[in-house]
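Before any comments, here is the structure.
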Amino acid sequence: MAKYIRYIGIDFGTNNTVLCWRLYNTETKEWGQIHTLNEGTSSTIPSLIYVSGNGEPLFGEKVTSRISYYKSMGDKGTLYNRFKMDIPSEDEKKRKAAFEASVTFLKYLYDRYKQQPIDALPKEVKPSDIEERTYVSYPTRWPQFARRLTEEAVSAAGFKNVNVDHKCTEEPYAAFRYLLLHSNEQVSQLEAKGILIHGRPVFVLVVDMGAGTTDVSLIRFVPGGAEDKRNEVLLNYPSPSNDAEAKKWTFGGGDIDNALTDLLKNFLVSDAKEVLNSYAEWSEEPVDKLLQDLLYPLNIRSWKEESVNSVLSDNKTCTTFPSSFHGMLAKKLPPLRLDRTTYAKYCGDGMNRFCHIVNGAVQKAMELKQIPNAEAIDLVVLTGGHSKSWFVRDLLYGKTLPGTSTTIELPKIKREPNRIMQWKIPEETVARGLCTLLESKPFRHRLTHSVWIRVQEKYYEKFRVSNCSGWKCLIDHRASDIILPVKKTATLNFTVENHPKYDNLHFNVEVAVGETLDEAVKKSYLAVVDQSVVANLVVDVMLLGTRWLTDISADYRMDNTILIKEDLSIDWNYELSGYGEHGSGKIELKP
């Protein structure tokens, strides 16, 4: 085996492609950092090829930046875009053209990748010391022949060992794996809230929103290890085996681009008709040709991503035009007023399709008895550039938006919006997941139990204790080398009445720790309460088996930090509400 393995991940997208890589030292078992192939400052490389009239090829960002110039010069070149979408075509001619264009574009990426100063390695490292393994993803609804063609295109472009070990490289799985195993900040927050707990399965809905399609996958994930055998992709929706279903619910960023193109076209030929005709006469261009240039797809997409989404996210009105509108024409045009209502008039069908796709996936999972109901969905993972659209999160939260006739019902997401996970650059998520596919990074370990407590009365006859019998489930108990700054209020209340001031109260406390009460390990303690007034004492067990917290409800409130002692004694300071009286109390829990 080579001393180093460089894992390469390629998310070959309809609009954009992302390539990442990561180095692994087979001797030290150490992983390097993730690198991305950038054009300028962006890691998303437009999936574009333009061959000019004189045969000069342009790729990626250069097409975006120079196409307007070429068109203004009357160049008769050819633009190749969205060619990936024809790979699964039943038309052999289209499929062959798509394959050839894909190889040409991927060859450009491979040549760029080989030119990078990709890793800092010792000088004595030879090329033979480094083995390359490449993983390319594909949409879940793609048939096997389209997946095979994609792998063949990547190999033909020069990449080595493509999907050699047949790991699951579907786009949703790669995105899910990266976020759940590598997105440390988001994962830590979910752990702190008790949403992700070692050994407890969660159901994750992965919503992959690309330029061509929106696909939803249901994944069962068990925190505890990267390769838990119970981790499984339960459902892909729409199903690739059901062509009618898949075609019915096709929805991607391109659909929104087309809708916005229609919006601007109607604006130009109605509200701005006189200005448009005047400009066409002045520029000596036919109106149809002028509209084609103004509404060039690349400019519409950029306008959507850079202006429309951000403005409508704030529920404001977009007044800016695409970059192709700049110049004399833009100065003479009437003002544009694109708000959420106008947006819905043109894009509402796409928003409704999004709701139907998500709800359809949940309904299908229920029909297959994979989940009992929508309440079972614990997390939503968003991936793909289209997932940045302004309406996506609002709809997932269950909101009704202008133009939508249905809502998404995910109760846990509606109650706790932080259950939605998304990488800061969602276009990178899949590629990052692919180049870390073989990393066996364990989930942060949390030993999870339930803590149960039972109070048995042992008091002088003149005391009366009420509301304290029986077992009560308190909180999830976690053992960890990290003390999380989280407090969950306890649930056991009992009341002491008719007791003389300054006397002690004795009672037995029995604690059980375990997944179920029957299997729990039980310990008994004698609790001695020494204080001047006792009212509604609440015992709170929190983190680590020996950590006890107390809170005095009703008449008393906590004033200072509790001091935890090795012998399970707890001291606290208290203040008598409304009277300013201060004192001290003590509970001793002795085996």
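So you can find residues: chains in the structure tokens are A, B, ... in the order shown, residues in each start at 1, and ligands are numbered from 1 in order.
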
query = Looking only at the backbone, which of the residues in stretch 192-352 of chain A does DSSP tag as alpha helix (DSSP H), as a ChimeraX atom specification?
reply = /A:192,243-248,253-266,273-283,287-294,297-303,309-313,328-332,340-352

query = Leaving out A:Arg148 and any residue of its chain fewer than 3 positions from it, which residues lie within 12 Å of it when counting only C-alpha atoms, given as a ChimeraX atom specification?
reply = /A:87-88,99,136-138,142-145,151-155,162-163,166

Per residue of stretch 269-362 of chain A within 7 Å of stretch 251-254 of chain A, note the shortest atom pair and the distance in Å to one decimal, counting only C-alpha atoms, and order the rows by chain and increasing residue number, as a Markdown table.
```
| residue | atom | partner | partner_atom | distance |
| --- | --- | --- | --- | --- |
| A:Gly350 | CA | A:Phe251 | CA | 6.4 |
| A:Arg353 | CA | A:Phe251 | CA | 6.6 |
| A:Phe354 | CA | A:Phe251 | CA | 7.0 |
```

Pull C-alpha atoms from the residues just selected and write them as a compact mmCIF listing (two decimals), in the first residue's frame.
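The resulting selection_8.txt:
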```
# COMPACT_ATOMS: atom_id res chain seq x y z
CA GLY A 350 -42.25 25.59 -7.80
CA ARG A 353 -43.82 21.38 -5.75
CA PHE A 354 -41.19 21.70 -3.02
```

inquiry  = What's around stretch 413-428 of chain A at 9 Å? Count only C-alpha atoms, leave out sequence neighbours fewer than 3 positions away in its own chain, and write the answer as a ChimeraX atom specification.
reply    = /A:11,16-20,36,43-44,175,179-180,183,186-187,189-190,195,210,375,377-388,393,396-399,409-410,431-433
